[in-house]
file input_1.cif (mmCIF, C-alpha atoms)
data_query
loop_
_atom_site.label_atom_id
_atom_site.label_comp_id
_atom_site.auth_asym_id
_atom_site.auth_seq_id
_atom_site.Cartn_x
_atom_site.Cartn_y
_atom_site.Cartn_z
CA MET A 1 -132.09 98.27 -13.01
CA GLU A 2 -135.57 99.63 -13.86
CA LEU A 3 -135.37 98.65 -17.55
CA ASN A 4 -134.84 95.04 -16.51
CA THR A 5 -137.98 95.24 -14.36
CA ILE A 6 -139.95 96.58 -17.33
CA LYS A 7 -138.56 93.85 -19.56
CA ASP A 8 -139.46 91.17 -17.00
CA ALA A 9 -143.01 92.52 -16.74
CA PHE A 10 -143.33 92.58 -20.53
CA ASP A 11 -141.98 89.03 -20.79
CA ARG A 12 -144.59 87.85 -18.29
CA VAL A 13 -147.39 89.42 -20.33
CA ALA A 14 -145.98 87.97 -23.56
CA LYS A 15 -145.72 84.53 -21.96
CA LYS A 16 -149.31 84.66 -20.68
CA GLN A 17 -150.51 85.83 -24.10
CA LYS A 18 -148.68 82.94 -25.76
CA VAL A 19 -150.20 80.44 -23.31
CA ALA A 20 -153.69 81.89 -23.80
CA SER A 21 -153.32 81.78 -27.59
CA SER A 22 -152.02 78.22 -27.49
CA LYS A 23 -154.88 77.15 -25.21
CA SER A 24 -157.46 78.79 -27.48
CA GLN A 25 -156.03 77.09 -30.55
CA GLU A 26 -155.96 73.74 -28.74
CA LEU A 27 -159.62 74.07 -27.77
CA LEU A 28 -160.65 75.10 -31.29
CA ASP A 29 -158.80 72.12 -32.73
CA GLN A 30 -160.53 69.81 -30.23
CA ILE A 31 -163.99 71.24 -31.02
CA ASP A 32 -163.31 71.06 -34.75
CA HIS A 33 -162.28 67.42 -34.38
CA GLU A 34 -165.53 66.53 -32.56
CA ILE A 35 -167.67 68.36 -35.12
CA GLN A 36 -165.88 66.69 -38.05
CA GLN A 37 -166.32 63.32 -36.35
CA ALA A 38 -170.06 63.99 -35.93
CA LEU A 39 -170.41 65.05 -39.59
CA THR A 40 -168.64 61.87 -40.70
CA ASN A 41 -171.10 59.76 -38.69
CA ILE A 42 -174.10 61.62 -40.06
CA HIS A 43 -173.03 61.23 -43.70
CA ASP A 44 -171.92 57.63 -43.31
CA PRO A 45 -174.54 55.46 -45.12
CA ALA A 46 -173.38 52.38 -43.24
CA SER A 47 -173.89 54.03 -39.86
CA LEU A 48 -176.76 52.63 -37.79
CA ILE A 49 -176.81 55.70 -35.51
CA ASP A 50 -179.49 58.28 -36.29
CA GLN A 51 -178.64 61.98 -36.65
CA LYS A 52 -180.38 62.95 -33.44
CA SER A 53 -178.23 60.56 -31.41
CA VAL A 54 -175.08 61.88 -33.10
CA LEU A 55 -176.01 65.47 -32.28
CA GLU A 56 -176.88 64.57 -28.70
CA GLU A 57 -173.51 62.86 -28.33
CA LEU A 58 -171.75 65.91 -29.82
CA LYS A 59 -173.55 68.20 -27.38
CA THR A 60 -172.47 66.01 -24.45
CA LYS A 61 -168.83 66.05 -25.56
CA LEU A 62 -168.83 69.84 -26.01
CA ASN A 63 -170.35 70.32 -22.57
CA THR A 64 -167.65 68.08 -21.13
CA ILE A 65 -164.91 70.08 -22.86
CA ALA A 66 -166.49 73.30 -21.51
CA PRO A 67 -164.52 75.61 -23.87
CA HIS A 68 -166.08 78.76 -22.46
CA ASN A 69 -164.88 78.01 -18.94
CA GLN A 70 -161.38 77.06 -20.09
CA LEU A 71 -161.00 80.19 -22.24
CA GLU A 72 -162.33 82.35 -19.44
CA VAL A 73 -159.63 81.08 -17.03
CA SER A 74 -156.71 81.66 -19.44
CA GLN A 75 -158.09 85.02 -20.58
CA LYS A 76 -158.58 86.15 -16.98
CA ASP A 77 -154.96 85.31 -16.20
CA LEU A 78 -153.81 87.27 -19.26
CA ASN A 79 -155.99 90.28 -18.42
CA THR A 80 -154.59 90.36 -14.87
CA ASN A 81 -151.03 90.67 -16.18
CA LEU A 82 -152.07 93.16 -18.84
CA SER A 83 -153.69 95.40 -16.24
CA LYS A 84 -150.51 95.31 -14.11
CA TYR A 85 -148.16 96.25 -16.95
CA PRO A 86 -149.30 99.90 -17.38
CA LYS A 87 -148.87 100.36 -13.63
CA VAL A 88 -145.27 99.11 -13.88
CA LEU A 89 -144.61 101.56 -16.73
CA GLU A 90 -146.23 104.43 -14.83
CA LYS A 91 -144.22 103.63 -11.71
CA LEU A 92 -140.82 103.23 -13.35
CA LEU A 93 -140.99 105.58 -16.33
CA ASN A 94 -141.57 108.71 -14.32
CA PRO A 95 -141.56 111.65 -16.75
CA ASP A 96 -140.85 114.24 -14.05
CA ILE A 97 -137.04 114.03 -13.81
CA SER A 98 -136.86 117.42 -12.08
CA LYS A 99 -137.22 115.58 -8.77
CA ALA A 100 -133.65 114.36 -9.16
CA TYR A 101 -132.29 117.85 -9.83
CA ARG A 102 -130.01 119.51 -7.30
CA ASN A 103 -129.17 123.19 -7.16
CA VAL A 104 -125.46 123.04 -7.97
CA ASP A 105 -123.33 126.13 -8.55
CA PHE A 106 -121.89 125.57 -12.01
CA ASP A 107 -118.97 127.59 -13.33
CA PRO A 108 -120.38 129.06 -16.58
CA HIS A 109 -116.88 129.30 -18.06
CA ILE A 110 -116.14 125.59 -17.52
CA LEU A 111 -119.60 124.60 -18.76
CA ASN A 112 -119.16 126.67 -21.94
CA GLN A 113 -115.74 125.10 -22.51
CA ILE A 114 -117.20 121.59 -22.19
CA ILE A 115 -120.03 122.29 -24.64
CA ILE A 116 -117.74 124.02 -27.16
CA SER A 117 -115.24 121.17 -26.95
CA HIS A 118 -118.04 118.66 -27.59
CA LEU A 119 -119.29 120.56 -30.65
CA TYR A 120 -115.79 120.80 -32.15
CA ARG A 121 -115.19 117.13 -31.38
CA GLU A 122 -118.38 116.19 -33.27
CA GLY A 123 -117.37 118.33 -36.25
CA LEU A 124 -120.10 120.96 -35.66
CA PHE A 125 -117.66 123.82 -36.24
CA ASP A 126 -120.15 126.55 -37.25
CA MET A 127 -122.31 125.90 -34.19
CA ALA A 128 -119.26 125.90 -31.92
CA ASP A 129 -117.98 129.17 -33.44
CA CYS A 130 -121.38 130.75 -32.79
CA LEU A 131 -121.26 129.68 -29.13
CA VAL A 132 -117.68 130.94 -28.80
CA THR A 133 -118.84 134.38 -29.96
CA GLU A 134 -122.08 134.53 -27.98
CA ALA A 135 -120.59 133.15 -24.76
CA GLY A 136 -117.45 135.26 -24.99
CA GLU A 137 -115.02 132.33 -24.90
CA PRO A 138 -112.38 133.33 -27.52
CA GLU A 139 -109.66 131.08 -26.03
CA ALA A 140 -111.75 128.00 -26.86
CA ILE A 141 -111.21 128.63 -30.58
CA SER A 142 -107.78 126.98 -30.26
CA LEU A 143 -109.51 123.59 -30.02
CA LYS A 144 -111.10 124.15 -33.40
CA TYR A 145 -107.95 123.81 -35.48
CA GLN A 146 -106.88 120.63 -33.68
CA PHE A 147 -110.23 118.96 -34.25
CA ILE A 148 -110.39 120.22 -37.85
CA GLU A 149 -107.21 118.27 -38.62
CA MET A 150 -108.60 115.17 -36.91
CA HIS A 151 -111.87 115.32 -38.87
CA GLN A 152 -109.99 115.87 -42.15
CA ILE A 153 -108.02 112.68 -41.48
CA LEU A 154 -111.16 110.71 -40.56
CA GLU A 155 -113.09 111.96 -43.61
CA ALA A 156 -110.18 110.99 -45.86
CA MET A 157 -110.18 107.51 -44.30
CA LYS A 158 -113.87 107.10 -45.14
CA ALA A 159 -112.86 107.63 -48.78
CA ARG A 160 -110.10 104.99 -48.35
CA ASN A 161 -107.42 107.70 -48.44
CA LEU A 162 -104.77 106.99 -45.80
CA GLU A 163 -102.26 109.67 -46.79
CA PRO A 164 -103.39 112.33 -44.23
CA ALA A 165 -103.39 109.73 -41.45
CA LEU A 166 -99.94 108.50 -42.44
CA ASN A 167 -98.57 112.06 -42.53
CA TRP A 168 -99.88 112.70 -39.01
CA VAL A 169 -98.40 109.44 -37.71
CA ILE A 170 -95.00 110.21 -39.26
CA THR A 171 -95.05 113.69 -37.69
CA ASN A 172 -95.81 112.15 -34.28
CA ARG A 173 -93.70 109.01 -34.74
CA GLU A 174 -91.46 109.70 -31.76
CA LYS A 175 -94.38 110.13 -29.35
CA LEU A 176 -96.07 106.99 -30.69
CA ASN A 177 -92.89 104.97 -30.29
CA GLN A 178 -92.58 106.13 -26.68
CA ILE A 179 -95.95 104.59 -25.82
CA GLY A 180 -95.28 101.43 -27.85
CA SER A 181 -97.92 102.15 -30.50
CA ASN A 182 -97.80 100.31 -33.84
CA LEU A 183 -100.29 102.67 -35.46
CA GLU A 184 -97.95 103.36 -38.39
CA LEU A 185 -97.70 99.64 -39.21
CA LYS A 186 -101.50 99.30 -39.10
CA ILE A 187 -101.88 102.13 -41.61
CA HIS A 188 -99.29 100.59 -43.95
CA ARG A 189 -101.00 97.21 -43.60
CA LEU A 190 -104.36 98.64 -44.68
CA GLN A 191 -102.72 100.46 -47.58
CA PHE A 192 -100.91 97.28 -48.65
CA VAL A 193 -104.17 95.31 -48.64
CA GLU A 194 -105.91 98.04 -50.66
CA ILE A 195 -103.15 97.94 -53.29
CA LEU A 196 -103.25 94.14 -53.37
CA GLN A 197 -106.99 94.16 -54.04
CA ASN A 198 -107.10 96.92 -56.64
CA ARG A 199 -103.68 97.07 -58.34
CA PRO A 200 -101.14 94.64 -59.82
CA GLN A 201 -99.17 92.31 -57.57
CA ALA A 202 -95.93 94.13 -58.44
CA ALA A 203 -97.29 97.39 -57.02
CA ALA A 204 -98.09 95.70 -53.70
CA LEU A 205 -94.63 94.07 -53.62
CA ASN A 206 -92.90 97.42 -54.23
CA TYR A 207 -94.99 99.03 -51.49
CA ALA A 208 -94.02 96.25 -49.07
CA ARG A 209 -90.30 96.65 -49.86
CA THR A 210 -90.49 100.39 -49.26
CA HIS A 211 -92.84 100.72 -46.30
CA LEU A 212 -93.17 97.33 -44.58
CA ALA A 213 -89.55 96.18 -44.59
CA PRO A 214 -88.48 98.62 -41.81
CA PHE A 215 -90.94 96.88 -39.44
CA ALA A 216 -89.69 93.34 -40.11
CA SER A 217 -87.22 93.26 -37.23
CA VAL A 218 -89.96 93.88 -34.65
CA TYR A 219 -93.12 92.56 -36.32
CA MET A 220 -91.81 89.62 -38.37
CA ASP A 221 -94.92 87.45 -37.89
CA GLU A 222 -97.17 90.22 -39.16
CA ILE A 223 -94.92 90.93 -42.16
CA GLN A 224 -94.76 87.22 -43.07
CA LYS A 225 -98.55 87.04 -43.02
CA LEU A 226 -98.77 90.04 -45.34
CA MET A 227 -96.22 88.52 -47.70
CA GLY A 228 -98.37 85.40 -47.88
CA CYS A 229 -101.17 87.59 -49.18
CA LEU A 230 -99.15 88.25 -52.35
CA LEU A 231 -100.02 84.75 -53.56
CA TRP A 232 -103.70 85.73 -53.51
CA ALA A 233 -103.46 89.05 -55.34
CA GLY A 234 -106.86 90.05 -56.73
CA LYS A 235 -108.68 87.24 -54.91
CA LEU A 236 -107.91 87.99 -51.28
CA ASP A 237 -111.58 87.65 -50.27
CA GLY A 238 -111.45 83.91 -50.89
CA SER A 239 -108.04 83.35 -49.31
CA PRO A 240 -106.92 82.21 -45.83
CA TYR A 241 -106.17 85.91 -45.24
CA SER A 242 -109.69 87.15 -45.99
CA ASP A 243 -109.99 88.60 -42.47
CA LEU A 244 -107.60 91.38 -43.55
CA THR A 245 -110.28 92.73 -45.90
CA SER A 246 -112.85 93.21 -43.13
CA PRO A 247 -114.17 96.82 -42.77
CA THR A 248 -113.70 96.47 -39.00
CA HIS A 249 -109.95 97.09 -39.51
CA TRP A 250 -110.76 100.54 -40.84
CA GLU A 251 -113.15 101.23 -37.98
CA LYS A 252 -110.65 100.11 -35.35
CA LEU A 253 -107.89 102.17 -36.96
CA ALA A 254 -110.09 105.29 -36.97
CA GLU A 255 -110.94 104.68 -33.31
CA GLU A 256 -107.31 104.20 -32.28
CA LEU A 257 -106.16 107.21 -34.29
CA THR A 258 -108.86 109.37 -32.67
CA GLN A 259 -107.80 108.15 -29.24
CA GLN A 260 -104.12 108.96 -29.84
CA PHE A 261 -104.95 112.27 -31.51
CA CYS A 262 -107.01 113.45 -28.52
CA SER A 263 -104.40 112.20 -26.07
CA PHE A 264 -101.56 114.13 -27.73
CA PHE A 265 -103.29 117.50 -27.37
CA GLY A 266 -104.62 116.90 -23.86
CA GLN A 267 -108.21 115.92 -24.61
CA SER A 268 -110.06 112.84 -23.35
CA TYR A 269 -110.97 110.21 -25.92
CA ARG A 270 -114.67 110.45 -25.11
CA SER A 271 -116.48 113.76 -24.89
CA PRO A 272 -116.86 114.92 -21.23
CA LEU A 273 -120.35 116.18 -22.09
CA SER A 274 -121.51 112.85 -23.54
CA MET A 275 -119.97 110.99 -20.59
CA ALA A 276 -121.77 113.25 -18.09
CA VAL A 277 -125.10 112.80 -19.89
CA ALA A 278 -124.65 109.01 -20.11
CA ALA A 279 -123.75 108.79 -16.41
CA GLY A 280 -126.75 110.93 -15.52
CA ILE A 281 -129.09 108.69 -17.53
CA GLU A 282 -127.73 105.59 -15.80
CA GLY A 283 -127.99 107.10 -12.32
CA LEU A 284 -131.34 108.85 -12.85
CA PRO A 285 -133.61 105.91 -11.83
CA THR A 286 -131.84 105.60 -8.46
CA LEU A 287 -132.06 109.34 -7.83
CA LEU A 288 -135.77 109.45 -8.75
CA LYS A 289 -136.47 106.54 -6.41
CA LEU A 290 -134.53 108.30 -3.64
CA ALA A 291 -136.47 111.53 -4.23
CA ASN A 292 -139.80 109.68 -3.99
CA VAL A 293 -138.80 107.85 -0.79
CA MET A 294 -137.52 111.03 0.85
CA ALA A 295 -140.68 112.88 -0.16
CA VAL A 296 -142.81 110.23 1.58
CA LYS A 297 -140.65 110.56 4.70
CA LYS A 298 -140.87 114.36 4.38
CA GLN A 299 -137.08 114.65 4.40
CA GLU A 300 -134.94 116.91 2.24
CA TRP A 301 -132.12 115.14 0.39
CA GLN A 302 -130.89 117.90 -1.90
CA ALA A 303 -129.01 119.61 0.92
CA MET A 304 -127.07 116.44 1.81
CA LYS A 305 -123.33 116.47 1.09
CA GLN A 306 -123.41 112.73 0.49
CA LEU A 307 -126.23 110.61 -0.91
CA PRO A 308 -127.71 108.09 1.55
CA VAL A 309 -127.68 105.38 -1.15
CA PRO A 310 -124.97 104.35 -3.63
CA VAL A 311 -125.45 105.19 -7.31
CA GLU A 312 -124.06 102.24 -9.22
CA LEU A 313 -122.33 103.23 -12.48
CA GLY A 314 -120.41 101.08 -14.93
CA LYS A 315 -116.63 100.85 -14.99
CA GLU A 316 -116.50 103.17 -18.00
CA PHE A 317 -117.53 106.00 -15.67
CA GLN A 318 -114.83 105.31 -13.06
CA PHE A 319 -111.78 107.53 -13.50
CA HIS A 320 -110.44 107.82 -9.95
CA SER A 321 -109.67 105.37 -7.19
CA ILE A 322 -112.10 105.27 -4.28
CA PHE A 323 -111.62 104.08 -0.72
CA VAL A 324 -114.25 102.68 1.63
CA CYS A 325 -113.30 102.64 5.29
CA PRO A 326 -113.31 99.03 6.58
CA VAL A 327 -114.48 100.24 10.01
CA SER A 328 -117.27 102.71 9.25
CA ARG A 329 -118.06 101.39 5.74
CA ASP A 330 -118.19 105.02 4.57
CA GLN A 331 -116.62 106.13 1.31
CA SER A 332 -113.78 108.61 1.75
CA SER A 333 -114.29 112.24 0.79
CA GLU A 334 -112.48 115.57 1.04
CA GLU A 335 -113.92 116.04 4.52
CA ASN A 336 -113.19 112.44 5.52
CA PRO A 337 -109.99 111.42 3.67
CA PRO A 338 -108.20 108.05 3.94
CA MET A 339 -105.34 107.99 6.46
CA LEU A 340 -102.32 105.66 6.47
CA LEU A 341 -101.44 104.17 9.87
CA PRO A 342 -97.79 103.43 10.79
CA CYS A 343 -98.54 99.71 10.46
CA GLY A 344 -99.61 100.14 6.84
CA HIS A 345 -103.38 99.74 7.29
CA VAL A 346 -105.72 102.47 6.10
CA LEU A 347 -108.78 103.96 7.81
CA CYS A 348 -110.84 107.06 7.21
CA ASN A 349 -110.09 110.19 9.23
CA GLN A 350 -113.39 110.10 11.16
CA SER A 351 -112.81 106.48 12.24
CA ILE A 352 -109.36 107.37 13.54
CA MET A 353 -110.78 110.35 15.41
CA LYS A 354 -113.30 108.07 17.13
CA LEU A 355 -110.68 105.46 17.99
CA SER A 356 -108.29 108.08 19.35
CA LYS A 357 -111.02 109.94 21.26
CA SER A 358 -110.55 113.04 19.11
CA SER A 359 -106.76 112.51 18.93
CA THR A 360 -106.34 112.66 22.73
CA ARG A 361 -104.81 109.19 23.12
CA THR A 362 -103.15 106.37 21.25
CA PHE A 363 -105.29 103.61 19.80
CA LYS A 364 -104.85 100.05 18.64
CA CYS A 365 -105.19 99.27 14.92
CA PRO A 366 -108.38 97.22 14.35
CA TYR A 367 -106.44 94.82 12.11
CA CYS A 368 -103.15 94.26 13.90
CA PRO A 369 -101.67 94.61 17.45
CA LEU A 370 -99.74 97.82 16.72
CA GLU A 371 -100.73 101.08 18.41
CA ALA A 372 -100.61 104.52 16.86
CA SER A 373 -101.47 108.14 17.55
CA PHE A 374 -103.38 110.51 15.32
CA ALA A 375 -100.19 112.52 14.70
CA GLN A 376 -98.49 109.44 13.24
CA CYS A 377 -101.17 108.93 10.59
CA LYS A 378 -100.64 110.37 7.11
CA GLN A 379 -103.33 111.48 4.71
CA LEU A 380 -103.52 109.61 1.41
CA HIS A 381 -104.42 111.44 -1.79
CA LEU A 382 -106.29 109.31 -4.33
#
call {"tool": "encode", "arguments": {"input": "input_1.cif", "output": "structure tokens"}}
result
Amino acid sequence: MELNTIKDAFDRVAKKQKVASSKSQELLDQIDHEIQQALTNIHDPASLIDQKSVLEELKTKLNTIAPHNQLEVSQKDLNTNLSKYPKVLEKLLNPDISKAYRNVDFDPHILNQIIISHLYREGLFDMADCLVTEAGEPEAISLKYQFIEMHQILEAMKARNLEPALNWVITNREKLNQIGSNLELKIHRLQFVEILQNRPQAAALNYARTHLAPFASVYMDEIQKLMGCLLWAGKLDGSPYSDLTSPTHWEKLAEELTQQFCSFFGQSYRSPLSMAVAAGIEGLPTLLKLANVMAVKKQEWQAMKQLPVPVELGKEFQFHSIFVCPVSRDQSSEENPPMLLPCGHVLCNQSIMKLSKSSTRTFKCPYCPLEASFAQCKQLHL
């Protein structure tokens, strides 16, 4: 990745600078030592050496050390790396990102929906309403009320108020149970810990009897741990259960609640707009490099249906399965889909067409002795 290259170049400069500084300090210390030694000899009344001899000896030692030559070598090495660093920055941090742009026919309706959804998701309701009106997307307003409820719950949690979150969980208890979520228990656990820290022990015990007892049959270990906390009422921070007071529990609960909330009304956990921007940023260096190479070769890449180089993205950007043909090494596409052979092996359509001479004869599977015809192969949908 280009940022790693920049970091490596910077580290080299920093290392050379450190070496040069260390060398300079070492030489200064050595010169200072020789001068101090000469001064000691000059001011020593018992010394039989005259001042002229001492100074001549000092001059000889300094000429032997040759500080100017040594500093010149280390400084030259540093200046060489310093002069290369701006070139690395100029090469890799190309400000003209328009080279990586392709003329793609976007559906304005879908694009507006994505932007509006992102604004509502971020709680920018006035801005989203303005875009709904100006873009003529009245149906997108339905997302507003769903995200308003979510933000009200999250804002209440920031104020350590779990009642709105608990009400939502109770309303959706059946759906949460179907996916095996223990979100309701986590909310009650946080509430129990809050009571234990700020109210009498009896209040926490009553809360546990009312709200935690129903979970004992499934989450006994967790309930037993919470009951142990009762012995440390008012001083939980210094107890063996101090981890329960960590703010990260609130953060994780807000994250999980947001994830479930979005899932239940058909929205992805992360904003599609932010995901698209993040993926574009990660893939931009490769695309810029490709554009520069193709420009040198005087070839046009924007009209290609498939990029000639892979754009490596992290796993967080992978939402669909992909298939790479073991014969051609090409990634499958709509025009070249994966095909299942009768023997169970899978090849891309174009590879099968080549093996079967454009489906005019049977062919042998490259990975087993069985033969097949093009008509026997079935398209796989990823």
call {"tool": "closest_residue", "arguments": {"input": "input_1.cif", "among": "A:Ser242, A:Thr40, A:Asn182, A:Ser271", "to": "Leu257 of chain A", "atoms": "only C-alpha atoms"}}
result
A:Asn182
call {"tool": "closest_atom_pairs", "arguments": {"input": "input_1.cif", "of": "segment 167-266 of chain A", "to": "segment 123-147 of chain A", "cutoff": "9 Å", "atoms": "all atoms listed in the file", "output": "Markdown table"}}
result
| residue | atom | partner | partner_atom | distance |
| --- | --- | --- | --- | --- |
| A:Phe261 | CA | A:Gln146 | CA | 8.9 |
| A:Cys262 | CA | A:Phe147 | CA | 8.6 |
| A:Phe265 | CA | A:Gln146 | CA | 7.9 |
call {"tool": "residues_around", "arguments": {"input": "input_1.cif", "residues": "segment 65-82 of chain A", "least_positions_apart": "6", "cutoff": "9 Å", "atoms": "all atoms listed in the file", "output": "list in words"}}
result
Ala9, Phe10, Arg12, Val13, Ala14, Lys15, Lys16, Gln17, Val19, Ala20, Ser21, Lys23, Ser24, Leu27, Leu28, Gln30 and Ile31 of chain A
call {"tool": "residues_around", "arguments": {"input": "input_1.cif", "residues": "segment 206-220 of chain A", "least_positions_apart": "5", "cutoff": "8 Å", "atoms": "only C-alpha atoms", "output": "PyMOL selection string"}}
result
chain A and resi 185+188-189+192
call {"tool": "closest_residue", "arguments": {"input": "input_1.cif", "among": "A:Arg173, A:Lys18, A:Lys7, A:Arg329", "to": "Val88 of chain A", "atoms": "all atoms listed in the file"}}
result
A:Lys7
call {"tool": "build_atoms", "arguments": {"input": "input_1.cif", "residues": "segment 239-256 of chain A", "atoms": "N, CA, C and O atoms", "output": "compact mmCIF listing (two decimals), in the coordinates of the input"}}
result
# COMPACT_ATOMS: atom_id res chain seq x y z
N SER A 239 -109.32 83.91 -49.76
CA SER A 239 -108.04 83.35 -49.31
C SER A 239 -108.07 83.08 -47.81
O SER A 239 -108.99 83.50 -47.11
N PRO A 240 -107.03 82.41 -47.29
CA PRO A 240 -106.92 82.21 -45.83
C PRO A 240 -106.70 83.53 -45.08
O PRO A 240 -106.78 83.56 -43.86
N TYR A 241 -106.43 84.60 -45.85
CA TYR A 241 -106.17 85.91 -45.24
C TYR A 241 -107.34 86.86 -45.45
O TYR A 241 -107.18 88.08 -45.39
N SER A 242 -108.52 86.31 -45.68
CA SER A 242 -109.69 87.15 -45.99
C SER A 242 -110.06 88.09 -44.84
O SER A 242 -110.71 89.12 -45.06
N ASP A 243 -109.66 87.74 -43.61
CA ASP A 243 -109.99 88.60 -42.47
C ASP A 243 -109.36 89.98 -42.60
O ASP A 243 -109.86 90.96 -42.03
N LEU A 244 -108.27 90.08 -43.38
CA LEU A 244 -107.60 91.38 -43.55
C LEU A 244 -108.44 92.35 -44.37
O LEU A 244 -108.18 93.56 -44.34
N THR A 245 -109.43 91.86 -45.08
CA THR A 245 -110.28 92.73 -45.90
C THR A 245 -111.51 93.23 -45.16
O THR A 245 -112.30 93.99 -45.71
N SER A 246 -111.67 92.82 -43.91
CA SER A 246 -112.85 93.21 -43.13
C SER A 246 -112.88 94.72 -42.88
O SER A 246 -111.86 95.33 -42.53
N PRO A 247 -114.04 95.36 -43.05
CA PRO A 247 -114.17 96.82 -42.77
C PRO A 247 -113.87 97.17 -41.31
O PRO A 247 -113.60 98.33 -41.01
N THR A 248 -113.95 96.18 -40.42
CA THR A 248 -113.70 96.47 -39.00
C THR A 248 -112.29 96.97 -38.77
O THR A 248 -112.04 97.71 -37.82
N HIS A 249 -111.33 96.59 -39.65
CA HIS A 249 -109.95 97.09 -39.51
C HIS A 249 -109.90 98.60 -39.70
O HIS A 249 -109.15 99.29 -39.01
N TRP A 250 -110.70 99.10 -40.62
CA TRP A 250 -110.76 100.54 -40.84
C TRP A 250 -111.41 101.24 -39.65
O TRP A 250 -110.96 102.31 -39.21
N GLU A 251 -112.46 100.64 -39.13
CA GLU A 251 -113.15 101.23 -37.98
C GLU A 251 -112.25 101.27 -36.76
O GLU A 251 -112.19 102.28 -36.04
N LYS A 252 -111.54 100.17 -36.50
CA LYS A 252 -110.65 100.11 -35.35
C LYS A 252 -109.49 101.09 -35.50
O LYS A 252 -109.05 101.70 -34.52
N LEU A 253 -108.98 101.22 -36.73
CA LEU A 253 -107.89 102.17 -36.96
C LEU A 253 -108.35 103.60 -36.71
O LEU A 253 -107.64 104.40 -36.07
N ALA A 254 -109.55 103.94 -37.19
CA ALA A 254 -110.09 105.29 -36.97
C ALA A 254 -110.29 105.55 -35.48
O ALA A 254 -109.99 106.65 -34.98
N GLU A 255 -110.74 104.53 -34.75
CA GLU A 255 -110.94 104.68 -33.31
C GLU A 255 -109.61 104.88 -32.59
O GLU A 255 -109.48 105.75 -31.72
N GLU A 256 -108.61 104.07 -32.94
CA GLU A 256 -107.31 104.20 -32.28
C GLU A 256 -106.64 105.53 -32.62
O GLU A 256 -106.04 106.17 -31.77
